[in-house]
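J.: This one is run37.pdb, PDB, C-alpha atoms and all ligand atoms.
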ATOM      1  CA  MET P   1      33.672  12.491 -13.083
ATOM      2  CA  ILE P   2      33.057   8.830 -13.821
ATOM      3  CA  HIS P   3      33.335   7.333 -17.321
ATOM      4  CA  ASP P   4      33.276   3.919 -18.963
ATOM      5  CA  LYS P   5      32.905   1.952 -15.732
ATOM      6  CA  LYS P   6      30.703  -1.004 -14.936
ATOM      7  CA  ILE P   7      28.597  -0.391 -11.840
ATOM      8  CA  LEU P   8      26.173  -2.500  -9.800
ATOM      9  CA  VAL P   9      23.332  -0.411  -8.317
ATOM     10  CA  THR P  10      20.630  -1.607  -5.883
ATOM     11  CA  GLY P  11      17.496   0.423  -5.255
ATOM     12  CA  ALA P  12      17.621   1.291  -8.939
ATOM     13  CA  THR P  13      13.883   1.733  -9.472
ATOM     14  CA  SER P  14      13.412   4.844  -7.370
ATOM     15  CA  GLY P  15      14.860   7.950  -5.752
ATOM     16  CA  LEU P  16      18.615   8.175  -5.393
ATOM     17  CA  GLY P  17      19.308   4.819  -7.084
ATOM     18  CA  LEU P  18      17.251   5.697 -10.147
ATOM     19  CA  ALA P  19      18.894   9.126 -10.444
ATOM     20  CA  LEU P  20      22.303   7.470 -10.139
ATOM     21  CA  CYS P  21      21.493   5.018 -12.946
ATOM     22  CA  GLU P  22      20.489   7.891 -15.225
ATOM     23  CA  TYR P  23      23.701   9.756 -14.373
ATOM     24  CA  LEU P  24      25.886   6.697 -14.997
ATOM     25  CA  ILE P  25      24.307   5.968 -18.377
ATOM     26  CA  GLN P  26      24.803   9.576 -19.436
ATOM     27  CA  ASN P  27      28.462   9.095 -18.571
ATOM     28  CA  ASN P  28      28.875   6.025 -20.744
ATOM     29  CA  CYS P  29      28.954   3.540 -17.879
ATOM     30  CA  LYS P  30      27.476   0.059 -17.961
ATOM     31  CA  VAL P  31      24.859  -0.394 -15.268
ATOM     32  CA  VAL P  32      23.520  -3.596 -13.730
ATOM     33  CA  ALA P  33      20.469  -2.348 -11.863
ATOM     34  CA  ILE P  34      18.598  -4.183  -9.111
ATOM     35  CA  GLY P  35      15.088  -3.538  -7.868
ATOM     36  CA  ARG P  36      11.754  -5.313  -7.760
ATOM     37  CA  ASP P  37       9.260  -3.156  -9.618
ATOM     38  CA  GLU P  38      10.360  -2.955 -13.254
ATOM     39  CA  SER P  39       7.349  -0.798 -14.175
ATOM     40  CA  LYS P  40       9.072   2.129 -12.417
ATOM     41  CA  ILE P  41      12.043   1.743 -14.781
ATOM     42  CA  LYS P  42       9.721   1.735 -17.782
ATOM     43  CA  GLU P  43       7.940   4.804 -16.418
ATOM     44  CA  ALA P  44      11.278   6.580 -16.052
ATOM     45  CA  GLY P  45      12.021   5.730 -19.684
ATOM     46  CA  ILE P  46      15.407   4.141 -19.069
ATOM     47  CA  SER P  47      16.266   1.898 -21.965
ATOM     48  CA  HIS P  48      19.830   1.706 -23.134
ATOM     49  CA  GLN P  49      22.208  -0.919 -24.415
ATOM     50  CA  ASN P  50      24.422  -0.262 -21.374
ATOM     51  CA  PHE P  51      21.575  -0.757 -18.889
ATOM     52  CA  ARG P  52      20.502  -4.160 -17.586
ATOM     53  CA  PHE P  53      17.690  -4.474 -15.049
ATOM     54  CA  LEU P  54      17.461  -7.506 -12.766
ATOM     55  CA  GLY P  55      14.229  -7.932 -10.846
ATOM     56  CA  ILE P  56      15.450  -9.321  -7.562
ATOM     57  CA  GLU P  57      13.882  -9.481  -4.124
ATOM     58  CA  LEU P  58      16.883  -8.680  -1.944
ATOM     59  CA  THR P  59      15.654 -10.825   0.936
ATOM     60  CA  ASP P  60      16.180 -13.854  -1.366
ATOM     61  CA  PHE P  61      19.836 -14.094  -0.459
ATOM     62  CA  ASP P  62      20.231 -17.406  -2.307
ATOM     63  CA  THR P  63      19.664 -15.690  -5.671
ATOM     64  CA  TYR P  64      22.614 -13.333  -5.428
ATOM     65  CA  GLU P  65      25.073 -15.588  -7.192
ATOM     66  CA  THR P  66      22.979 -15.285 -10.370
ATOM     67  CA  ILE P  67      23.667 -11.532 -10.421
ATOM     68  CA  PHE P  68      27.350 -12.239 -10.835
ATOM     69  CA  GLU P  69      27.390 -15.592 -12.623
ATOM     70  CA  ASN P  70      24.876 -14.649 -15.340
ATOM     71  CA  ASP P  71      26.608 -11.420 -16.143
ATOM     72  CA  ASP P  72      29.018 -10.954 -19.056
ATOM     73  CA  SER P  73      32.695 -11.598 -18.438
ATOM     74  CA  GLU P  74      33.477  -7.909 -17.809
ATOM     75  CA  LYS P  75      34.287  -7.267 -14.148
ATOM     76  CA  PHE P  76      32.623  -4.582 -12.042
ATOM     77  CA  ASP P  77      34.304  -1.267 -11.100
ATOM     78  CA  GLY P  78      31.715  -0.126  -8.604
ATOM     79  CA  PHE P  79      28.842  -1.105  -6.333
ATOM     80  CA  VAL P  80      26.330   1.327  -4.826
ATOM     81  CA  HIS P  81      23.851  -0.013  -2.279
ATOM     82  CA  CYS P  82      20.895   2.389  -2.499
ATOM     83  CA  ALA P  83      18.154  -0.106  -1.617
ATOM     84  CA  GLY P  84      16.668   0.751   1.719
ATOM     85  CA  ILE P  85      13.470   0.824   3.714
ATOM     86  CA  GLU P  86      12.467   3.243   6.426
ATOM     87  CA  GLU P  87       9.782   2.443   8.954
ATOM     88  CA  THR P  88       8.333   4.319  11.899
ATOM     89  CA  LEU P  89       7.621   1.943  14.773
ATOM     90  CA  PRO P  90       7.404   2.634  18.492
ATOM     91  CA  LEU P  91       9.918   0.699  20.551
ATOM     92  CA  THR P  92       7.203  -1.569  21.948
ATOM     93  CA  LEU P  93       6.475  -2.806  18.403
ATOM     94  CA  SER P  94      10.117  -3.086  17.353
ATOM     95  CA  THR P  95      10.133  -6.876  17.539
ATOM     96  CA  HIS P  96      13.028  -9.047  16.508
ATOM     97  CA  ALA P  97      11.116  -9.938  13.309
ATOM     98  CA  ALA P  98      10.553  -6.268  12.473
ATOM     99  CA  MET P  99      14.210  -5.452  13.108
ATOM    100  CA  GLU P 100      15.351  -8.438  11.069
ATOM    101  CA  LYS P 101      13.293  -7.213   8.101
ATOM    102  CA  ILE P 102      14.867  -3.753   8.053
ATOM    103  CA  PHE P 103      18.371  -5.073   8.697
ATOM    104  CA  ASP P 104      17.950  -7.599   5.864
ATOM    105  CA  ILE P 105      17.493  -4.844   3.274
ATOM    106  CA  ASN P 106      19.473  -1.938   4.651
ATOM    107  CA  VAL P 107      22.512  -3.835   5.933
ATOM    108  CA  PHE P 108      22.675  -7.598   5.376
ATOM    109  CA  SER P 109      21.879  -7.492   1.647
ATOM    110  CA  GLY P 110      24.632  -4.898   1.192
ATOM    111  CA  ILE P 111      27.162  -7.030   3.065
ATOM    112  CA  GLU P 112      26.185 -10.148   1.134
ATOM    113  CA  LEU P 113      26.462  -8.348  -2.213
ATOM    114  CA  LEU P 114      29.822  -6.900  -1.195
ATOM    115  CA  ARG P 115      30.942 -10.419  -0.231
ATOM    116  CA  TYR P 116      30.391 -11.526  -3.854
ATOM    117  CA  PHE P 117      31.517  -8.236  -5.393
ATOM    118  CA  SER P 118      34.853  -8.302  -3.549
ATOM    119  CA  LYS P 119      35.883 -11.600  -5.166
ATOM    120  CA  LYS P 120      38.654 -11.098  -7.716
ATOM    121  CA  LYS P 121      36.684 -12.867 -10.421
ATOM    122  CA  TYR P 122      33.866 -10.296 -10.185
ATOM    123  CA  SER P 123      35.572  -6.927  -9.607
ATOM    124  CA  ASN P 124      38.611  -4.982 -10.723
ATOM    125  CA  ASP P 125      41.250  -3.766  -8.292
ATOM    126  CA  GLY P 126      40.633  -0.128  -7.404
ATOM    127  CA  ALA P 127      36.853  -0.583  -7.355
ATOM    128  CA  SER P 128      34.649   1.888  -5.503
ATOM    129  CA  VAL P 129      31.831   0.890  -3.155
ATOM    130  CA  VAL P 130      29.247   3.236  -1.668
ATOM    131  CA  PHE P 131      26.616   2.443   0.957
ATOM    132  CA  LEU P 132      23.769   4.799   1.819
ATOM    133  CA  SER P 133      23.735   5.669   5.487
ATOM    134  CA  SER P 134      21.713   8.613   6.856
ATOM    135  CA  VAL P 135      22.120  11.477   9.286
ATOM    136  CA  MET P 136      19.641   9.441  11.378
ATOM    137  CA  GLY P 137      22.404   6.911  12.037
ATOM    138  CA  GLU P 138      24.146   9.532  14.125
ATOM    139  CA  LEU P 139      21.338  11.778  15.349
ATOM    140  CA  GLY P 140      18.671   9.166  16.104
ATOM    141  CA  GLN P 141      14.949   9.815  15.954
ATOM    142  CA  ALA P 142      12.009   8.737  18.100
ATOM    143  CA  GLY P 143      10.101   5.827  16.554
ATOM    144  CA  LYS P 144      12.998   4.865  14.317
ATOM    145  CA  VAL P 145      15.137   2.555  16.400
ATOM    146  CA  GLY P 146      15.424   0.018  13.558
ATOM    147  CA  TYR P 147      16.155   2.504  10.798
ATOM    148  CA  CYS P 148      18.669   4.463  12.891
ATOM    149  CA  ALA P 149      20.400   1.248  13.981
ATOM    150  CA  THR P 150      20.806   0.101  10.363
ATOM    151  CA  LYS P 151      22.233   3.431   9.282
ATOM    152  CA  ALA P 152      24.715   3.448  12.178
ATOM    153  CA  ALA P 153      25.648  -0.168  11.354
ATOM    154  CA  ILE P 154      26.551   0.845   7.815
ATOM    155  CA  ILE P 155      29.318   3.069   9.160
ATOM    156  CA  GLY P 156      30.910   0.042  10.828
ATOM    157  CA  VAL P 157      30.488  -2.008   7.667
ATOM    158  CA  VAL P 158      32.317   0.519   5.496
ATOM    159  CA  LYS P 159      35.094   1.134   8.042
ATOM    160  CA  ALA P 160      35.867  -2.562   8.476
ATOM    161  CA  SER P 161      35.510  -3.539   4.825
ATOM    162  CA  SER P 162      37.571  -0.592   3.587
ATOM    163  CA  LEU P 163      40.453  -1.752   5.806
ATOM    164  CA  GLU P 164      40.076  -5.329   4.612
ATOM    165  CA  LEU P 165      39.798  -4.403   0.924
ATOM    166  CA  ALA P 166      42.583  -1.801   0.936
ATOM    167  CA  LYS P 167      44.898  -4.562  -0.274
ATOM    168  CA  ARG P 168      42.928  -4.476  -3.536
ATOM    169  CA  LYS P 169      42.949  -0.664  -3.557
ATOM    170  CA  PHE P 170      39.175  -0.576  -3.099
ATOM    171  CA  ARG P 171      37.529   2.526  -1.701
ATOM    172  CA  VAL P 172      34.518   1.806   0.514
ATOM    173  CA  ASN P 173      32.518   4.822   1.650
ATOM    174  CA  SER P 174      29.123   5.748   2.964
ATOM    175  CA  ILE P 175      27.023   8.818   2.298
ATOM    176  CA  ALA P 176      24.747  10.123   5.034
ATOM    177  CA  PRO P 177      22.091  12.353   3.451
ATOM    178  CA  GLY P 178      19.502  14.333   5.333
ATOM    179  CA  SER P 179      15.893  14.039   4.208
TER     180      SER P 179
HETATM  181  N1  LIG S   1      15.706  10.064   0.245
HETATM  182  C1  LIG S   1      16.203  10.587   1.385
HETATM  183  O1  LIG S   1      15.852  11.694   1.789
HETATM  184  C2  LIG S   1      17.236   9.807   2.164
HETATM  185  C3  LIG S   1      17.840  10.394   3.298
HETATM  186  C4  LIG S   1      18.792   9.670   4.008
HETATM  187  C5  LIG S   1      19.136   8.376   3.599
HETATM  188  N2  LIG S   1      18.531   7.842   2.514
HETATM  189  C6  LIG S   1      18.889   6.468   2.128
HETATM  190  O2  LIG S   1      19.240   6.432   0.760
HETATM  191  C7  LIG S   1      18.802   5.213   0.181
HETATM  192  C8  LIG S   1      17.892   5.504  -1.020
HETATM  193  O3  LIG S   1      16.797   6.277  -0.552
HETATM  194  P1  LIG S   1      15.596   6.676  -1.538
HETATM  195  O4  LIG S   1      14.754   7.668  -0.807
HETATM  196  O5  LIG S   1      16.159   7.020  -2.863
HETATM  197  O6  LIG S   1      14.810   5.278  -1.581
HETATM  198  P2  LIG S   1      13.419   4.922  -2.278
HETATM  199  O7  LIG S   1      13.047   5.931  -3.313
HETATM  200  O8  LIG S   1      12.437   4.610  -1.201
HETATM  201  O9  LIG S   1      13.808   3.565  -3.034
HETATM  202  C9  LIG S   1      14.083   2.411  -2.326
HETATM  203  C10 LIG S   1      14.638   1.393  -3.295
HETATM  204  O10 LIG S   1      14.932   0.197  -2.553
HETATM  205  C11 LIG S   1      14.388  -0.902  -3.262
HETATM  206  N3  LIG S   1      13.992  -1.966  -2.349
HETATM  207  C12 LIG S   1      13.341  -1.834  -1.166
HETATM  208  N4  LIG S   1      13.109  -3.051  -0.644
HETATM  209  C13 LIG S   1      13.631  -3.963  -1.503
HETATM  210  C14 LIG S   1      13.695  -5.379  -1.525
HETATM  211  N5  LIG S   1      13.177  -6.122  -0.531
HETATM  212  N6  LIG S   1      14.292  -5.993  -2.579
HETATM  213  C15 LIG S   1      14.820  -5.250  -3.594
HETATM  214  N7  LIG S   1      14.780  -3.908  -3.631
HETATM  215  C16 LIG S   1      14.192  -3.277  -2.600
HETATM  216  C17 LIG S   1      13.167  -0.350  -3.990
HETATM  217  O11 LIG S   1      12.889  -1.190  -5.071
HETATM  218  P3  LIG S   1      11.362  -1.492  -5.584
HETATM  219  O12 LIG S   1      10.606  -0.224  -5.459
HETATM  220  O13 LIG S   1      11.538  -1.964  -6.985
HETATM  221  O14 LIG S   1      10.862  -2.524  -4.672
HETATM  222  C18 LIG S   1      13.672   1.031  -4.403
HETATM  223  O15 LIG S   1      14.382   0.937  -5.626
HETATM  224  C19 LIG S   1      18.102   4.420   1.291
HETATM  225  O16 LIG S   1      19.010   3.530   1.888
HETATM  226  C20 LIG S   1      17.717   5.501   2.277
HETATM  227  O17 LIG S   1      17.620   5.013   3.605
HETATM  228  C21 LIG S   1      17.593   8.517   1.787
END
I need this file expressed as structure tokens, please.
Ligand SMILES: NC(=O)c1ccc[n+]([C@@H]2O[C@H](COP(=O)([O-])OP(=O)(O)OC[C@H]3O[C@@H](n4cnc5c(N)ncnc54)[C@H](OP(=O)(O)O)[C@@H]3O)[C@@H](O)[C@H]2O)c1

T.:
Amino acid sequence: MIHDKKILVTGATSGLGLALCEYLIQNNCKVVAIGRDESKIKEAGISHQNFRFLGIELTDFDTYETIFENDDSEKFDGFVHCAGIEETLPLTLSTHAAMEKIFDINVFSGIELLRYFSKKKYSNDGASVVFLSSVMGELGQAGKVGYCATKAAIIGVVKASSLELAKRKFRVNSIAPGS
């Protein structure tokens, strides 16, 4: 059970990220929520003094500092990277540009946010970080070379960063749901 923590959530406007935000608010946590389409938050009826929505396009990597610098002085206890895109593309259309797009959201934005999050001025020791992988990262699927590659990459990201951040007693994990 989680209580009274301050958590950064990407992919907060939909699906797993939205459900997580609702759960965290019910458990008295402060949530800084990232997504693009704020109308989905309004539709879901989330409005709470502990909930702050930031409309951010995650491919705008230069804007990330504002997430941390414009926040109140309270440090984060957790970061959950739920933002993700899934595309079906045959291998012949899986161009470098197409692969870059999916890696930008599913992997590189998570690494870049973790890079900021892991600074002592932004997070408490003992923080918890969760990335969303997928069973597809291990099983593979035809037409999903990009998606499967990103979800496999996440496993490497959490293994390496958990070793590096163990000195701050961070836990870094991934979850690999099925559909
Ligand atoms: N649902 C499943 O069955 C399942 C299974 C295995 C793994 N997963 C993984 O779990 C995670 C969440 O899945 P989901 O189904 O809950 O996702 P979802 O409902 O499709 O939501 C995706 C979220 O990512 C955000 N997002 C996408 N592109 C973005 C961008 N360029 N900038 C900022 N935000 C962006 C969306 O924000 P906006 O809508 O505001 O743009 C939305 O909040 C994903 O990583 C997915 O691969 C899901």

J.: Per residue of chain P within 10 Å of ligand LIG 1 (chain S), record the nearest atom pair and its distance in Å to one decimal, counting only C-alpha atoms and all ligand atoms, with rows in chain order and ascending residue number, as CSV.

T.:
residue,atom,partner,partner_atom,distance
P:Val9,CA,S:LIG1,O15,9.4
P:Thr10,CA,S:LIG1,N7,6.7
P:Gly11,CA,S:LIG1,O15,3.2
P:Ala12,CA,S:LIG1,O15,4.6
P:Thr13,CA,S:LIG1,O15,4.0
P:Ser14,CA,S:LIG1,O7,4.2
P:Gly15,CA,S:LIG1,O5,3.3
P:Leu16,CA,S:LIG1,O5,3.7
P:Gly17,CA,S:LIG1,O5,5.7
P:Leu18,CA,S:LIG1,O15,7.2
P:Ala19,CA,S:LIG1,O5,8.3
P:Leu20,CA,S:LIG1,O5,9.5
P:Ala33,CA,S:LIG1,O15,9.3
P:Ile34,CA,S:LIG1,N7,6.7
P:Gly35,CA,S:LIG1,O13,4.0
P:Arg36,CA,S:LIG1,O13,3.4
P:Asp37,CA,S:LIG1,O13,3.7
P:Glu38,CA,S:LIG1,O13,6.5
P:Ser39,CA,S:LIG1,O13,8.4
P:Lys40,CA,S:LIG1,O13,7.2
P:Ile41,CA,S:LIG1,O13,8.6
P:Leu54,CA,S:LIG1,C15,9.8
P:Gly55,CA,S:LIG1,O13,7.6
P:Ile56,CA,S:LIG1,C15,5.7
P:Glu57,CA,S:LIG1,N6,3.8
P:Leu58,CA,S:LIG1,N6,3.8
P:Thr59,CA,S:LIG1,N5,5.5
P:Asp60,CA,S:LIG1,N6,8.2
P:Val80,CA,S:LIG1,C7,9.8
P:His81,CA,S:LIG1,O16,7.3
P:Cys82,CA,S:LIG1,C7,4.4
P:Ala83,CA,S:LIG1,O10,3.4
P:Gly84,CA,S:LIG1,O16,3.6
P:Ile85,CA,S:LIG1,C12,5.6
P:Glu86,CA,S:LIG1,O17,6.1
P:Glu87,CA,S:LIG1,O17,9.8
P:Lys101,CA,S:LIG1,N5,8.7
P:Ile102,CA,S:LIG1,N4,8.9
P:Asp104,CA,S:LIG1,N5,8.1
P:Ile105,CA,S:LIG1,N5,5.9
P:Asn106,CA,S:LIG1,O16,6.1
P:Val107,CA,S:LIG1,O16,9.1
P:Ser109,CA,S:LIG1,N6,8.8
P:Phe131,CA,S:LIG1,O16,7.7
P:Leu132,CA,S:LIG1,O16,4.9
P:Ser133,CA,S:LIG1,C5,5.7
P:Ser134,CA,S:LIG1,C5,4.2
P:Val135,CA,S:LIG1,C4,6.5
P:Met136,CA,S:LIG1,C4,7.4
P:Gly137,CA,S:LIG1,C5,9.2
P:Tyr147,CA,S:LIG1,O17,7.8
P:Cys148,CA,S:LIG1,O17,9.4
P:Thr150,CA,S:LIG1,O17,8.9
P:Lys151,CA,S:LIG1,O17,7.5
P:Ile154,CA,S:LIG1,O16,10.0
P:Ile175,CA,S:LIG1,C5,8.0
P:Ala176,CA,S:LIG1,C5,6.0
P:Pro177,CA,S:LIG1,C4,4.3
P:Gly178,CA,S:LIG1,C3,4.7
P:Ser179,CA,S:LIG1,O1,3.4

J.: Taking every listed atom of range 39-54 of chain P and adding 6 Å to each side, what centre and edge lengths in Å (one decimal) does the axis-aligned box have, as JSON?

T.:
{"center_x": 15.9, "center_y": -0.5, "center_z": -18.4, "size_x": 29.1, "size_y": 26.1, "size_z": 24.0}

J.: Can you tell me, as a list in words, what residues are no more than 10 Å from His3 in chain P when counting only C-alpha atoms, ignoring any on the same chain fewer than 3 positions away?

T.: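 In the requested form, the answer reads Lys6, Leu24, Ile25, Gln26, Asn27, Asn28, Cys29 and Lys30 of chain P.
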
J.: Calculated over all atoms listed in the file, which of the candidates P:His96, P:Lys42, P:Arg115, P:Arg171 has the smallest distance to Val129 in chain P?

T.: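 Distance minimum relative to Val129 in chain P lands on P:Arg171.
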
J.: Nearest to Leu165 in chain P: which of P:Tyr64, P:Phe76, P:Tyr23, P:Phe117 is it, counting all atoms listed in the file?

T.: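 Closest to Leu165 in chain P, using all atoms listed in the file: P:Phe117.
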
J.: Can you pull out every residue within 7 Å of Val31 in chain P, counting all atoms listed in the file, but drop anything in the same chain fewer than 6 positions away, and send it as a CSV table (one decimal) with C-alpha atoms, keeping the file's coordinate frame?

T.:
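Writing done, so here's around04.csv:
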chain,number,residue,atom,x,y,z
P,6,LYS,CA,30.7,-1.0,-14.9
P,7,ILE,CA,28.6,-0.4,-11.8
P,8,LEU,CA,26.2,-2.5,-9.8
P,21,CYS,CA,21.5,5.0,-12.9
P,50,ASN,CA,24.4,-0.3,-21.4
P,51,PHE,CA,21.6,-0.8,-18.9
P,52,ARG,CA,20.5,-4.2,-17.6

J.: List the spatial neighbours of Lys159 in chain P as a PyMOL selection string - criterion: any atom at most 10 Å away, only C-alpha atoms, same-chain residues fewer than 6 positions off excluded.

T.: chain P and resi 172-174
